[in-house]
Amino acid sequence: MEERENASTASAVEDAKRRCAALIDRLQRMPKSKLSSSIKTTLSRLINSELAFLHRLSAASHPCSSSSSLSFNIGHLESVVHVLQQPFVTGASRVCKSINLSDSRSIYVDIICSLNGNPVWFIVSDRNPRYISWDSGSCHKNKGLKKKIQQVVDAAHHSHVSLKPSSIVLFFSNGLDDNVYQKLRCEFGAVDLKIEPFSCEELELEDEWTNVVLGRSFPHACAVKIEVDKGSCVLEKSFPESRIGEDLSCSKYYEHSDDLNLGTSLCSLVSGMKCWCCSLDETVEVGVGLLNRSWRDGEAKLVNFDTTAMVAIVSGISNGRTEKVLATPERELRDRFKGNYDFVIAQVDSETQNPIHSELFGVISGKQGIICESVRLEFQELITMCGGTNEKLRAEYFLKYLKVVPDCPSTRVMSLPSTRKLALKNKVVFGTGDYWCAPTVTANMAFVRAVSQTGMSLSVIEHRPRALIGD
């Protein structure tokens with residue numbers, strides 16, 4: 001009997017070790033655009049710590065627990081990574097850490113991130129639903145789910161504005177008892193949040209074959225969202241009518257784009273976006289002097305561009321001029337670009353391998369573009385000073401599809417202290433995107449990293465830099 005129990009325990013330990021190895025491998029393959037290196041480091045450290053514990057357990061001559069009573073952390077870590085892999089989860093700034101509310105008070109949060117452009121906290125549980133009770137039990141350690149949630153909600157209300165979430169998401173990877181679920185809905189106003197139950201990824205193999213790798217599945221998982229500020233569920237934002245370019249049908253403008261020598265790459269990128277003049281949907285209403293948007297819980301439909309993104313999209317490097325640049329004598333290029341020669345050549349090589357329009361198409365397709373007034377002014381100044389004839393034409397063409405909004409940075413971004421790395425002008429640009437719950441397309445990763453180091457989640461779409469070349 002004891003031998004059978006030991007064999008069962010050893011098998012459970014080996015299975016947990018295998019899951020740790022698989023999770024580390026999956027974590028390392030997640031792209032930088034999805035997960036920062038600091039987040040990967042934190043999760044890798046936790047997984048390796050669990051793996052070390054399992055190795056010590058398997059090395060023990062007499063395991064201290066039966067397989068049924070063993071408690072591993074790998075299930076919780078798998079659940080955290082599964083949440084981070086969801087396409088609507090972006091800008092993760094902290095994982096598996098406590099937030100200090102005061103010198104003597106803190107609250108543990110599994111993930112601080114953005115959900116469809118809104119700041120949220122994730123609380124993740126991998127417990128068996130049979131052991132999740134609503135009220136406190138007789139055992140001192142069992143606080144009850146109600147008390148735990150109330151503590152998190154209170155902490156959210158009293159947290160610094162830079163970390164304050166719009167909502168709290170509870171993810172129960174093994175599901176939730178129906179009675180507890182109903183109490184969540186009644187007492188906290190929780191609403192369902194759909195999360196993909198399967199975890200998989202495609203790996204490229206030789207001869208254009210792909211291998212689909214399945215991770216742990218979560219068929220019984222339950223995710224609910226609790227609004228921290230119930231008044232922000234449906235929010236209407238208005239501002240004076242902004243520039244959309246001339247009163248021109250974008251479809252007609254697209255038809256004549258060939259006459260402007262813009263190239264197919266830029267036209268294809270822009271045609272995939274929703275324009276403001278003839279693709280308005282039911283959630284956006286443009287009236288005389290006002291643009292009103294009713295905010296709902298659906299996928300973010302706006303995308304904010306900073307100056308680096310605007311320049312990259314219209315640059316000659318991104319629009320088929322790489323061969324011309326490479327065919328130009330080096331001395332002539334060095335005379336033209338001075339100390340930026342190596343920088344420009346590196347961008348040309350990067351574009352040859354990974355065209356930036358192709359990468360951006362997948363993330364901005366179907367969305368409406370905005371830029372703030374500060375970006376418009378800076379971009380037009382750069383185009384005037386450094387842009388060539390074709391780059392100026394592309395800039396004019398692209399601006400036709402964008403809504404220029406006033407500088408209206410969110411309170412939470414502006415609450416960050418202005419420093420060399422957190423420059424005021426960048427806070428205005430990214431804060432305006434945050435105000436409109438729109439991810440900001442940017443190559444300014446120094447600012448993004450500086451924001452992340454404060455613990456704030458910020459929804460961004462990274463792109464590789466491109467310079468104007470006088471094309």
# chains A, B, ... in the order shown; residues from 1 in each chain; ligands from 1
$ residues_around --residues "A:Thr440" --least-positions-apart "2" --cutoff "9 Å" --atoms "only C-alpha atoms" --output "VMD selection string"
chain A and resid 303 to 306 309 429 to 430 433 to 434 438 442 458 to 462
$ write_last_selection --atoms "all heavy atoms" --output "short mmCIF file (atom, residue, chain, number, x, y, z; two decimals), in the first residue's frame"
data_model
loop_
_atom_site.label_atom_id
_atom_site.label_comp_id
_atom_site.auth_asym_id
_atom_site.auth_seq_id
_atom_site.Cartn_x
_atom_site.Cartn_y
_atom_site.Cartn_z
N VAL A 303 -6.94 53.34 -32.59
CA VAL A 303 -5.50 53.14 -32.45
C VAL A 303 -4.85 54.52 -32.54
O VAL A 303 -5.21 55.34 -33.39
CB VAL A 303 -4.96 52.17 -33.51
CG1 VAL A 303 -5.19 52.69 -34.92
CG2 VAL A 303 -3.48 51.88 -33.27
N ASN A 304 -3.94 54.79 -31.62
CA ASN A 304 -3.29 56.10 -31.52
C ASN A 304 -1.87 56.01 -32.08
O ASN A 304 -1.13 55.08 -31.78
CB ASN A 304 -3.25 56.51 -30.04
CG ASN A 304 -2.59 57.85 -29.82
OD1 ASN A 304 -2.88 58.82 -30.54
ND2 ASN A 304 -1.72 57.94 -28.82
N PHE A 305 -1.49 56.97 -32.90
CA PHE A 305 -0.15 56.98 -33.51
C PHE A 305 0.68 58.09 -32.88
O PHE A 305 0.22 59.22 -32.76
CB PHE A 305 -0.23 57.22 -35.02
CG PHE A 305 -0.94 56.13 -35.78
CD1 PHE A 305 -2.30 56.21 -36.04
CD2 PHE A 305 -0.25 55.02 -36.24
CE1 PHE A 305 -2.96 55.22 -36.74
CE2 PHE A 305 -0.89 54.02 -36.95
CZ PHE A 305 -2.25 54.11 -37.19
N ASP A 306 1.93 57.75 -32.50
CA ASP A 306 2.84 58.81 -32.08
C ASP A 306 3.67 59.23 -33.29
O ASP A 306 3.51 58.70 -34.40
CB ASP A 306 3.69 58.38 -30.88
CG ASP A 306 4.84 57.45 -31.25
OD1 ASP A 306 4.87 56.93 -32.39
OD2 ASP A 306 5.72 57.23 -30.40
N ALA A 309 5.68 56.55 -35.22
CA ALA A 309 4.86 55.68 -36.07
C ALA A 309 4.48 56.40 -37.36
O ALA A 309 4.50 55.80 -38.45
CB ALA A 309 3.61 55.24 -35.31
N VAL A 429 1.25 62.53 -25.34
CA VAL A 429 0.92 61.68 -26.49
C VAL A 429 0.35 60.34 -26.03
O VAL A 429 -0.74 59.93 -26.47
CB VAL A 429 2.17 61.46 -27.36
CG1 VAL A 429 1.87 60.46 -28.48
CG2 VAL A 429 2.67 62.77 -27.93
N PHE A 430 1.06 59.65 -25.16
CA PHE A 430 0.59 58.34 -24.70
C PHE A 430 -0.63 58.48 -23.80
O PHE A 430 -1.51 57.62 -23.79
CB PHE A 430 1.71 57.61 -23.95
CG PHE A 430 2.80 57.09 -24.83
CD1 PHE A 430 3.80 57.91 -25.31
CD2 PHE A 430 2.82 55.75 -25.21
CE1 PHE A 430 4.81 57.43 -26.13
CE2 PHE A 430 3.81 55.25 -26.04
CZ PHE A 430 4.81 56.10 -26.50
N GLY A 433 -3.77 58.73 -25.91
CA GLY A 433 -4.20 57.39 -26.33
C GLY A 433 -4.87 56.65 -25.19
O GLY A 433 -5.89 55.99 -25.37
N ASP A 434 -4.30 56.77 -23.98
CA ASP A 434 -4.86 56.11 -22.81
C ASP A 434 -6.24 56.67 -22.49
O ASP A 434 -7.16 55.92 -22.11
CB ASP A 434 -3.92 56.29 -21.62
CG ASP A 434 -4.34 55.49 -20.41
OD1 ASP A 434 -4.47 54.25 -20.54
OD2 ASP A 434 -4.53 56.08 -19.33
N ALA A 438 -7.10 53.70 -26.39
CA ALA A 438 -6.53 53.28 -27.67
C ALA A 438 -5.06 52.93 -27.47
O ALA A 438 -4.31 53.73 -26.90
CB ALA A 438 -6.66 54.40 -28.71
N THR A 442 4.11 52.84 -31.49
CA THR A 442 5.31 53.61 -31.16
C THR A 442 6.60 52.80 -31.31
O THR A 442 6.58 51.57 -31.22
CB THR A 442 5.22 54.12 -29.71
OG1 THR A 442 6.38 54.91 -29.40
CG2 THR A 442 5.17 52.96 -28.72
N LEU A 458 0.24 50.04 -19.67
CA LEU A 458 -0.02 50.96 -20.77
C LEU A 458 -0.12 50.15 -22.05
O LEU A 458 0.76 49.35 -22.35
CB LEU A 458 1.12 51.98 -20.87
CG LEU A 458 0.88 53.24 -21.70
CD1 LEU A 458 -0.27 54.05 -21.10
CD2 LEU A 458 2.13 54.09 -21.76
N SER A 459 -1.19 50.35 -22.77
CA SER A 459 -1.42 49.58 -23.99
C SER A 459 -0.67 50.22 -25.16
O SER A 459 -0.95 51.35 -25.56
CB SER A 459 -2.93 49.54 -24.30
OG SER A 459 -3.18 48.70 -25.41
N VAL A 460 0.31 49.49 -25.69
CA VAL A 460 1.12 50.00 -26.80
C VAL A 460 1.30 48.91 -27.86
O VAL A 460 1.16 47.72 -27.59
CB VAL A 460 2.52 50.48 -26.33
CG1 VAL A 460 2.38 51.63 -25.35
CG2 VAL A 460 3.32 49.35 -25.73
N ILE A 461 1.61 49.35 -29.07
CA ILE A 461 1.95 48.45 -30.17
C ILE A 461 3.34 48.88 -30.65
O ILE A 461 3.51 49.98 -31.17
CB ILE A 461 0.94 48.54 -31.32
CG1 ILE A 461 -0.45 48.10 -30.84
CG2 ILE A 461 1.39 47.68 -32.50
CD1 ILE A 461 -1.56 48.37 -31.86
N GLU A 462 4.31 48.03 -30.44
CA GLU A 462 5.69 48.38 -30.79
C GLU A 462 5.96 48.18 -32.27
O GLU A 462 5.50 47.22 -32.88
CB GLU A 462 6.67 47.53 -29.97
CG GLU A 462 8.13 47.83 -30.26
CD GLU A 462 9.09 46.93 -29.49
OE1 GLU A 462 8.62 46.08 -28.71
OE2 GLU A 462 10.31 47.07 -29.69
#
$ residues_around --residues "A:Val375" --least-positions-apart "5" --cutoff "12 Å" --atoms "only C-alpha atoms" --output "count of residues only"
30
$ closest_residue --among "A:Leu333, A:Val169, A:Val83, A:Ala395" --to "A:Leu266" --atoms "only C-alpha atoms"
A:Ala395
$ select_by_dssp --residues "stretch 77-175 of chain A" --states "alpha helix (DSSP H)" --output "list in words"
Leu77, Glu78, Ser79, Val80, Val81, His82, Val83, Leu84, Leu145, Lys146, Lys147, Lys148, Ile149, Gln150, Gln151, Val152, Val153, Asp154, Ala155, Ala156, His157 and His158 of chain A
$ write_last_selection --atoms "C-alpha atoms" --output "PDB file, in the first residue's frame"
ATOM      1  CA  LEU A  77       1.649  29.773 -12.871  1.00  0.00           C
ATOM      2  CA  GLU A  78       0.160  28.014 -15.906  1.00  0.00           C
ATOM      3  CA  SER A  79      -3.062  29.944 -15.331  1.00  0.00           C
ATOM      4  CA  VAL A  80      -1.215  33.275 -15.109  1.00  0.00           C
ATOM      5  CA  VAL A  81       0.638  32.625 -18.394  1.00  0.00           C
ATOM      6  CA  HIS A  82      -2.621  31.524 -20.030  1.00  0.00           C
ATOM      7  CA  VAL A  83      -4.233  34.860 -19.128  1.00  0.00           C
ATOM      8  CA  LEU A  84      -1.218  36.778 -20.448  1.00  0.00           C
ATOM      9  CA  LEU A 145     -13.826  34.538  -1.161  1.00  0.00           C
ATOM     10  CA  LYS A 146     -16.160  37.416  -0.249  1.00  0.00           C
ATOM     11  CA  LYS A 147     -13.701  38.933   2.214  1.00  0.00           C
ATOM     12  CA  LYS A 148     -10.755  38.486  -0.150  1.00  0.00           C
ATOM     13  CA  ILE A 149     -12.580  40.208  -3.010  1.00  0.00           C
ATOM     14  CA  GLN A 150     -13.697  43.050  -0.762  1.00  0.00           C
ATOM     15  CA  GLN A 151     -10.091  43.622   0.285  1.00  0.00           C
ATOM     16  CA  VAL A 152      -8.972  43.815  -3.357  1.00  0.00           C
ATOM     17  CA  VAL A 153     -11.827  46.150  -4.314  1.00  0.00           C
ATOM     18  CA  ASP A 154     -11.071  48.432  -1.361  1.00  0.00           C
ATOM     19  CA  ALA A 155      -7.387  48.433  -2.293  1.00  0.00           C
ATOM     20  CA  ALA A 156      -8.278  49.372  -5.872  1.00  0.00           C
ATOM     21  CA  HIS A 157     -10.336  52.327  -4.641  1.00  0.00           C
ATOM     22  CA  HIS A 158      -7.483  53.577  -2.433  1.00  0.00           C
TER      23      HIS A 158
END
$ atom_distance --atom1 "atom CA of A:Thr411" --atom2 "atom CA of A:Ile195"
29.4 Å
$ closest_residue --among "A:Ser217, A:Gln182, A:Ser49, A:Ser33" --to "A:Ile74" --atoms "only C-alpha atoms"
A:Ser49
$ atom_distance --atom1 "atom CA of A:Lys274" --atom2 "atom CA of A:Asn390"
23.8 Å
$ atom_distance --atom1 "atom CA of A:Cys96" --atom2 "atom CA of A:Ile111"
6.3 Å
$ closest_residue --among "A:Asp471, A:Leu101, A:Asn340, A:Arg334" --to "A:His160" --atoms "only C-alpha atoms"
A:Leu101
